[in-house]
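Enquirer: File name data.txt; file contents compact mmCIF, C-alpha atoms and all ligand atoms; full text below.
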```txt
# COMPACT_ATOMS: atom_id res chain seq x y z
CA MET T 1 -73.38 77.80 -32.48
CA GLY T 2 -73.40 74.83 -30.15
CA PHE T 3 -71.69 74.50 -26.79
CA VAL T 4 -68.14 74.80 -28.13
CA ILE T 5 -65.32 73.71 -25.87
CA ALA T 6 -62.21 75.47 -27.20
CA VAL T 7 -58.95 73.84 -26.15
CA ASP T 8 -55.88 75.85 -27.11
CA GLY T 9 -52.25 75.67 -26.13
CA PRO T 10 -48.73 74.89 -27.30
CA ALA T 11 -47.40 71.63 -28.74
CA ALA T 12 -47.39 68.61 -26.42
CA SER T 13 -49.15 70.44 -23.58
CA GLY T 14 -51.66 67.63 -23.20
CA LYS T 15 -54.44 69.51 -24.97
CA GLY T 16 -55.05 66.73 -27.48
CA THR T 17 -55.57 64.13 -24.78
CA ILE T 18 -57.77 66.46 -22.76
CA ALA T 19 -59.83 67.42 -25.81
CA GLY T 20 -60.32 63.77 -26.75
CA ARG T 21 -61.49 62.83 -23.28
CA LEU T 22 -63.85 65.80 -23.02
CA ALA T 23 -65.37 64.83 -26.38
CA ALA T 24 -65.92 61.28 -25.12
CA LEU T 25 -67.39 62.50 -21.83
CA TYR T 26 -69.98 64.79 -23.44
CA ASP T 27 -70.37 62.71 -26.60
CA TYR T 28 -69.44 65.70 -28.74
CA PRO T 29 -67.61 65.52 -32.07
CA LEU T 30 -63.92 66.43 -31.88
CA LEU T 31 -61.89 68.48 -34.34
CA ASP T 32 -58.12 68.46 -33.94
CA THR T 33 -57.28 71.52 -36.05
CA GLY T 34 -53.54 70.78 -35.86
CA LEU T 35 -54.25 67.86 -38.20
CA LEU T 36 -55.54 70.28 -40.84
CA TYR T 37 -52.28 72.26 -40.82
CA ARG T 38 -50.26 69.04 -40.66
CA ALA T 39 -52.09 67.64 -43.71
CA VAL T 40 -51.41 70.86 -45.62
CA GLY T 41 -47.72 70.74 -44.65
CA VAL T 42 -47.39 67.09 -45.67
CA ALA T 43 -49.18 67.71 -48.99
CA VAL T 44 -46.82 70.61 -49.77
CA LEU T 45 -43.80 68.40 -49.00
CA ASP T 46 -45.24 65.51 -51.05
CA GLY T 47 -45.61 67.84 -54.03
CA LEU T 48 -42.00 69.00 -53.50
CA GLY T 49 -43.32 72.49 -52.87
CA ASP T 50 -41.86 75.23 -50.68
CA LEU T 51 -43.43 75.47 -47.20
CA ASP T 52 -42.53 79.14 -47.02
CA ASP T 53 -44.27 80.01 -50.32
CA PRO T 54 -47.66 81.46 -49.31
CA ILE T 55 -49.31 81.07 -52.74
CA ALA T 56 -48.34 77.42 -53.15
CA ALA T 57 -49.34 76.55 -49.57
CA GLU T 58 -52.71 78.28 -49.90
CA ALA T 59 -53.47 76.40 -53.14
CA VAL T 60 -52.77 73.13 -51.33
CA ALA T 61 -54.97 74.18 -48.37
CA ARG T 62 -57.87 75.04 -50.71
CA ALA T 63 -57.67 71.62 -52.33
CA LEU T 64 -57.11 69.71 -49.08
CA ASP T 65 -58.16 66.08 -49.11
CA LEU T 66 -59.70 65.49 -45.68
CA THR T 67 -59.03 61.75 -45.85
CA ALA T 68 -55.34 62.71 -45.44
CA LEU T 69 -56.07 63.58 -41.79
CA ASP T 70 -56.22 59.89 -40.90
CA ARG T 71 -52.80 59.02 -42.31
CA ALA T 72 -49.96 58.15 -39.91
CA GLU T 73 -47.73 60.48 -41.93
CA VAL T 74 -49.40 63.58 -40.44
CA ARG T 75 -48.35 62.52 -36.90
CA THR T 76 -44.59 62.64 -37.51
CA ARG T 77 -42.10 65.20 -36.26
CA ALA T 78 -41.55 66.47 -39.82
CA ALA T 79 -45.30 66.99 -40.26
CA GLY T 80 -45.49 69.08 -37.07
CA GLU T 81 -42.70 71.32 -38.24
CA ALA T 82 -44.22 71.63 -41.74
CA ALA T 83 -47.60 72.47 -40.19
CA SER T 84 -46.15 75.27 -38.11
CA ARG T 85 -44.48 76.74 -41.19
CA VAL T 86 -47.53 76.70 -43.47
CA ALA T 87 -49.67 77.99 -40.58
CA VAL T 88 -48.00 81.42 -40.71
CA HIS T 89 -49.58 82.16 -44.13
CA PRO T 90 -52.86 84.09 -43.82
CA GLY T 91 -54.11 82.48 -47.07
CA VAL T 92 -53.71 79.02 -45.57
CA ARG T 93 -55.57 80.02 -42.40
CA ALA T 94 -58.35 81.62 -44.47
CA ALA T 95 -58.68 78.45 -46.57
CA LEU T 96 -59.21 76.36 -43.42
CA PHE T 97 -61.50 78.84 -41.66
CA ASP T 98 -64.96 77.86 -42.97
CA LEU T 99 -64.46 74.19 -42.23
CA GLN T 100 -63.62 75.02 -38.62
CA ARG T 101 -66.48 77.52 -38.26
CA ASP T 102 -68.95 74.98 -39.64
CA PHE T 103 -67.74 72.50 -37.07
CA ALA T 104 -68.28 75.06 -34.30
CA ARG T 105 -71.91 75.40 -35.42
CA ARG T 106 -72.68 71.77 -34.70
CA GLU T 107 -75.41 71.19 -32.14
CA PRO T 108 -75.53 70.43 -29.31
CA GLY T 109 -71.79 71.08 -29.02
CA SER T 110 -68.27 70.24 -30.09
CA VAL T 111 -64.71 70.12 -28.86
CA ILE T 112 -62.13 71.91 -31.01
CA ASP T 113 -58.44 71.93 -30.22
CA GLY T 114 -55.74 74.14 -31.70
CA ARG T 115 -53.98 77.45 -31.19
CA ASP T 116 -56.53 80.10 -32.14
CA ILE T 117 -59.89 78.49 -31.39
CA GLY T 118 -60.80 80.71 -28.43
CA THR T 119 -59.47 83.84 -30.12
CA VAL T 120 -60.32 83.56 -33.84
CA ILE T 121 -62.30 80.46 -34.81
CA ALA T 122 -64.88 80.51 -32.01
CA PRO T 123 -64.35 83.65 -29.91
CA GLU T 124 -67.90 83.25 -28.55
CA ALA T 125 -67.23 79.71 -27.26
CA PRO T 126 -68.76 79.35 -23.78
CA ALA T 127 -65.94 77.11 -22.53
CA LYS T 128 -62.31 77.95 -23.21
CA LEU T 129 -59.21 76.28 -21.87
CA TYR T 130 -55.61 77.23 -22.46
CA VAL T 131 -53.57 74.14 -21.69
CA THR T 132 -49.85 74.54 -21.18
CA ALA T 133 -46.80 73.05 -19.44
CA ARG T 134 -43.13 73.92 -19.12
CA PRO T 135 -41.13 73.36 -22.34
CA GLU T 136 -38.94 70.63 -20.77
CA ILE T 137 -42.00 68.70 -19.66
CA ARG T 138 -43.67 69.03 -23.06
CA ALA T 139 -40.46 67.97 -24.82
CA GLU T 140 -40.22 64.87 -22.66
CA ARG T 141 -43.81 63.87 -23.44
CA ARG T 142 -43.39 64.47 -27.17
CA TRP T 143 -40.05 62.66 -27.24
CA LYS T 144 -41.53 59.57 -25.58
CA GLN T 145 -44.46 59.64 -28.01
CA LEU T 146 -42.23 59.92 -31.10
CA VAL T 147 -39.82 57.22 -29.90
CA GLY T 148 -42.89 55.03 -29.27
CA GLN T 149 -43.88 55.63 -32.89
CA GLY T 150 -40.45 54.38 -33.94
CA GLU T 151 -38.77 57.73 -34.65
CA ASP T 152 -35.04 57.87 -33.93
CA VAL T 153 -34.61 61.27 -32.29
CA GLY T 154 -32.94 62.72 -29.18
CA PHE T 155 -34.56 64.62 -26.33
CA GLN T 156 -32.49 67.79 -26.91
CA GLU T 157 -33.59 67.94 -30.55
CA ILE T 158 -37.21 67.73 -29.50
CA LEU T 159 -36.74 70.43 -26.85
CA ALA T 160 -35.21 72.67 -29.53
CA ASP T 161 -38.18 71.87 -31.84
CA ILE T 162 -40.65 72.79 -29.11
CA ARG T 163 -38.97 76.11 -28.37
CA LYS T 164 -38.78 77.01 -32.06
CA ARG T 165 -42.41 76.02 -32.57
CA ASP T 166 -43.56 78.10 -29.57
CA GLU T 167 -41.74 81.08 -30.97
CA ARG T 168 -43.11 80.69 -34.50
CA ASP T 169 -46.70 79.87 -33.47
CA GLY T 170 -46.79 82.62 -30.86
CA GLY T 171 -44.92 85.19 -32.91
CA ARG T 172 -46.79 85.08 -36.23
CA LYS T 173 -48.93 88.05 -37.22
CA ASP T 174 -52.09 86.22 -38.20
CA ALA T 175 -53.93 84.40 -35.39
CA PRO T 176 -50.92 83.83 -33.13
CA MET T 177 -51.10 81.23 -30.40
CA THR T 178 -52.25 83.09 -27.32
CA GLN T 179 -54.54 82.67 -24.34
CA ALA T 180 -57.93 84.28 -24.94
CA VAL T 181 -58.76 86.83 -22.23
CA ASP T 182 -61.68 84.67 -21.10
CA ALA T 183 -59.87 81.33 -21.29
CA VAL T 184 -58.99 79.42 -18.12
CA LEU T 185 -55.30 78.59 -17.84
CA LEU T 186 -54.49 74.96 -17.09
CA ASP T 187 -50.81 74.25 -16.43
CA THR T 188 -50.32 70.48 -16.57
CA SER T 189 -46.57 70.52 -15.71
CA GLU T 190 -47.05 68.82 -12.35
CA MET T 191 -50.16 66.82 -13.24
CA THR T 192 -50.83 63.28 -14.33
CA ILE T 193 -53.22 62.82 -17.28
CA GLU T 194 -55.97 61.93 -14.79
CA GLN T 195 -55.42 65.09 -12.75
CA ALA T 196 -55.26 67.28 -15.87
CA PHE T 197 -58.46 65.77 -17.25
CA ASP T 198 -60.22 66.17 -13.92
CA ALA T 199 -59.21 69.85 -13.75
CA ALA T 200 -60.39 70.38 -17.35
CA ARG T 201 -63.72 68.69 -16.62
CA ARG T 202 -64.30 71.00 -13.66
CA ILE T 203 -63.57 74.07 -15.79
CA VAL T 204 -66.07 72.90 -18.41
CA GLU T 205 -68.72 72.00 -15.79
CA ASP T 206 -68.38 75.50 -14.39
CA ALA T 207 -68.84 77.00 -17.87
CA ARG T 208 -71.89 74.77 -18.48
CA ALA T 209 -73.49 75.92 -15.24
CA HIS T 210 -73.01 79.57 -16.24
CA HIS T 211 -74.20 78.85 -19.77
CA ARG T 212 -77.53 77.53 -18.49
CA LEU T 213 -78.22 80.54 -16.27
O1 LIG T 301 -51.42 70.87 -32.49
P1 LIG T 301 -50.37 70.39 -33.49
O2 LIG T 301 -49.00 70.21 -32.88
O3 LIG T 301 -50.81 69.19 -34.24
O4 LIG T 301 -50.24 71.60 -34.56
C1 LIG T 301 -49.27 71.61 -35.57
C2 LIG T 301 -49.00 73.04 -36.00
O5 LIG T 301 -50.15 73.55 -36.70
C3 LIG T 301 -48.73 74.04 -34.90
O6 LIG T 301 -47.36 74.11 -34.56
C4 LIG T 301 -49.23 75.35 -35.48
C5 LIG T 301 -50.33 74.93 -36.43
N1 LIG T 301 -51.68 75.17 -35.91
C6 LIG T 301 -52.20 76.45 -36.00
O7 LIG T 301 -51.49 77.35 -36.45
N2 LIG T 301 -53.47 76.71 -35.61
C7 LIG T 301 -54.24 75.74 -35.10
N3 LIG T 301 -55.50 76.02 -34.73
C8 LIG T 301 -53.74 74.43 -34.96
C9 LIG T 301 -52.43 74.17 -35.36
```
Let me see whether you can do it: turn the structure in this file into structure tokens.

Expert:
Amino acid sequence: MGFVIAVDGPAASGKGTIAGRLAALYDYPLLDTGLLYRAVGVAVLDGLGDLDDPIAAEAVARALDLTALDRAEVRTRAAGEAASRVAVHPGVRAALFDLQRDFARREPGSVIDGRDIGTVIAPEAPAKLYVTARPEIRAERRWKQLVGQGEDVGFQEILADIRKRDERDGGRKDAPMTQAVDAVLLDTSEMTIEQAFDAARRIVEDARAHHRL
């Protein structure tokens, strides 16, 4: 296993931006695991399948076309909701496990962002961050992003989405979203992107120093 930087946290916490910038800083490959679940959700919807059917969703996850991760369709509000629903099925999570583990083995290191990276995918990761922010702040960020993408949606709807998603992702039995005991909590509610990235970089530098000892 390389020097894995695990970046977990709820939707729209800023973890994606932080993970991307850390990957650029260290020149490590980046895996956004949310895209995997989003691609599965979108593929189930495209096949007119039922997101809540564990057998159907697992079959889709096992046959996942990784080129689908680059499609704009996986970045929509509907895709996020579909992802959260298929992500509750243990069969779906199992189908996506090896791909994520293989990524974590890359040398000299990697950045992986998601919900269960520090707890399930790479529990031995030397650097773990749990990035969060208050729901209202996250909803505002996500709302601006979606409106910028051309989606016609209100702030209150997005806030409701965020709360529902937190509940589903944190409440599921298999690999729920939670802060690993050895993860450092980073609350970005009152931070600019620059401040959040700077705080994240310091956390990782600290972990690197300990890793070398
Ligand atoms: O990070 P995101 O918003 O793109 O993730 C979409 C959904 O995918 C999220 O609500 C729950 C699921 N997910 C997961 O269960 N485990 C992960 N490691 C990443 C995402």

Enquirer: Report as a list in words all protein, DNA and RNA residues lying within 9 Å of region 197-208 of chain T, evaluated on all atoms listed in the file, omitting residues in the same chain fewer than 5 positions from it.

Expert: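 These residues fall inside the cut-off: Phe3, Ile5, Thr17, Ile18, Ala19, Arg21, Leu22, Leu25, Pro126, Ala127, Lys128, Leu129, Val131, Val184, Leu186, Thr192 and Leu213 of chain T.
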
Enquirer: I want to know what sits within 8 Å of region 26-37 of chain T, based on all atoms listed in the file, with residues of the same chain fewer than 4 positions away left out; could you give that as a PyMOL selection string?

Expert: chain T and resi 16+19-20+22+41+66+69+74+83-84+86-87+96+100+103+108-114

Enquirer: Deliver the residues from the most recent selection as a file, using C-alpha atoms, as a compact mmCIF listing (two decimals), in the frame of the given file.

Expert:
```txt
# COMPACT_ATOMS: atom_id res chain seq x y z
CA GLY T 16 -55.05 66.73 -27.48
CA ALA T 19 -59.83 67.42 -25.81
CA GLY T 20 -60.32 63.77 -26.75
CA LEU T 22 -63.85 65.80 -23.02
CA GLY T 41 -47.72 70.74 -44.65
CA LEU T 66 -59.70 65.49 -45.68
CA LEU T 69 -56.07 63.58 -41.79
CA VAL T 74 -49.40 63.58 -40.44
CA ALA T 83 -47.60 72.47 -40.19
CA SER T 84 -46.15 75.27 -38.11
CA VAL T 86 -47.53 76.70 -43.47
CA ALA T 87 -49.67 77.99 -40.58
CA LEU T 96 -59.21 76.36 -43.42
CA GLN T 100 -63.62 75.02 -38.62
CA PHE T 103 -67.74 72.50 -37.07
CA PRO T 108 -75.53 70.43 -29.31
CA GLY T 109 -71.79 71.08 -29.02
CA SER T 110 -68.27 70.24 -30.09
CA VAL T 111 -64.71 70.12 -28.86
CA ILE T 112 -62.13 71.91 -31.01
CA ASP T 113 -58.44 71.93 -30.22
CA GLY T 114 -55.74 74.14 -31.70
```

Enquirer: For CA of Gln195 (chain T) and CA of Ala11 (chain T), determine how far apart the two atoms are, in Å to one decimal place.

Expert: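 Computed distance, CA of Gln195 (chain T) to CA of Ala11 (chain T), equals 19.0 Å.
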
Enquirer: When you draw a straight line from CA of Glu81 (chain T) to CA of Arg165 (chain T), how long is it in Å?

Expert: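 One can read the CA of Glu81 (chain T) to CA of Arg165 (chain T) distance as 7.4 Å.
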
Enquirer: Atom C7 of ligand LIG 301 (chain T) and CA of Asp70 (chain T) are how many Å apart?

Expert: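 A separation of 17.0 Å between them.
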
Enquirer: Take the point (-46.1, 69.2, -48.2) as written in the file and pick out every residue within 10 Å of it, counting only C-alpha atoms; give the list as number ranges by chain.

Expert: T: 38-51, 56-57, 60, 78-79, 82-83, 86

Enquirer: Next, dump the selected residues to file, keeping only C-alpha atoms, as a compact mmCIF listing (two decimals), keeping the file's coordinate frame.

Expert:
```
# COMPACT_ATOMS: atom_id res chain seq x y z
CA ARG T 38 -50.26 69.04 -40.66
CA ALA T 39 -52.09 67.64 -43.71
CA VAL T 40 -51.41 70.86 -45.62
CA GLY T 41 -47.72 70.74 -44.65
CA VAL T 42 -47.39 67.09 -45.67
CA ALA T 43 -49.18 67.71 -48.99
CA VAL T 44 -46.82 70.61 -49.77
CA LEU T 45 -43.80 68.40 -49.00
CA ASP T 46 -45.24 65.51 -51.05
CA GLY T 47 -45.61 67.84 -54.03
CA LEU T 48 -42.00 69.00 -53.50
CA GLY T 49 -43.32 72.49 -52.87
CA ASP T 50 -41.86 75.23 -50.68
CA LEU T 51 -43.43 75.47 -47.20
CA ALA T 56 -48.34 77.42 -53.15
CA ALA T 57 -49.34 76.55 -49.57
CA VAL T 60 -52.77 73.13 -51.33
CA ALA T 78 -41.55 66.47 -39.82
CA ALA T 79 -45.30 66.99 -40.26
CA ALA T 82 -44.22 71.63 -41.74
CA ALA T 83 -47.60 72.47 -40.19
CA VAL T 86 -47.53 76.70 -43.47
```

Enquirer: Please, which residues are within 10 Å of (-49.7, 83.4, -30.1) by the file's coordinates, counting all atoms listed in the file, and could they come as a compact mmCIF listing (two decimals) with C-alpha atoms, in the frame of the given file?

Expert:
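Output below, filename out15.txt:
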```
# COMPACT_ATOMS: atom_id res chain seq x y z
CA GLY T 9 -52.25 75.67 -26.13
CA PRO T 10 -48.73 74.89 -27.30
CA ARG T 115 -53.98 77.45 -31.19
CA ASP T 116 -56.53 80.10 -32.14
CA THR T 119 -59.47 83.84 -30.12
CA ASP T 166 -43.56 78.10 -29.57
CA GLU T 167 -41.74 81.08 -30.97
CA ARG T 168 -43.11 80.69 -34.50
CA ASP T 169 -46.70 79.87 -33.47
CA GLY T 170 -46.79 82.62 -30.86
CA GLY T 171 -44.92 85.19 -32.91
CA ARG T 172 -46.79 85.08 -36.23
CA LYS T 173 -48.93 88.05 -37.22
CA ASP T 174 -52.09 86.22 -38.20
CA ALA T 175 -53.93 84.40 -35.39
CA PRO T 176 -50.92 83.83 -33.13
CA MET T 177 -51.10 81.23 -30.40
CA THR T 178 -52.25 83.09 -27.32
CA GLN T 179 -54.54 82.67 -24.34
CA ALA T 180 -57.93 84.28 -24.94
```

Enquirer: Go through T:Thr67, T:Thr132, T:Gln149, T:Ser189 and flag the residue nearest ligand LIG 301 (chain T), using only C-alpha atoms and all ligand atoms for the distances.

Expert: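 Nearest to ligand LIG 301 (chain T): T:Thr132.
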
Enquirer: Tell me which protein, DNA and RNA residues are within 7 Å of Ala104 (chain T), counting all atoms listed in the file, leaving out same-chain ones fewer than 6 positions away, and put them as a list in words.

Expert: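 Result of the neighbour search: Met1, Gly2, Val4, Ser110 and Ala122 of chain T.
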
Enquirer: Have a look at T:Ala95, T:Val120, T:Ala61, T:Ala12 and name the one nearest to Ile137 (chain T); count only C-alpha atoms.

Expert: T:Ala12

Enquirer: For Asp182 (chain T), which of T:Val147, T:Ala209, T:Ala125, T:Ala63 is the closest residue, counting all atoms listed in the file?

Expert: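 Answer, going by the shortest atom-to-atom distance: T:Ala125.
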
Enquirer: Under the rule that all atoms listed in the file are counted, which of T:Asp8, T:Glu58, T:Asp161, T:Glu194 is the nearest residue to Arg93 (chain T)?

Expert: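 That would be T:Glu58, the residue with the smallest distance to Arg93 (chain T).
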
Enquirer: With distances taken over all atoms listed in the file, which of T:Val7, T:Met191, T:Ala24, T:Ala133 is nearest to ligand LIG 301 (chain T)?

Expert: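 That would be T:Val7, the residue with the smallest distance to ligand LIG 301 (chain T).
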
Enquirer: Of the candidates T:Ile117, T:Leu146, T:Ile158, T:Ala139, which one gets nearest to ligand LIG 301 (chain T) if we count only C-alpha atoms and all ligand atoms?

Expert: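 Comparing T:Ile117, T:Leu146, T:Ile158, T:Ala139 against ligand LIG 301 (chain T), the winner is T:Ile117.
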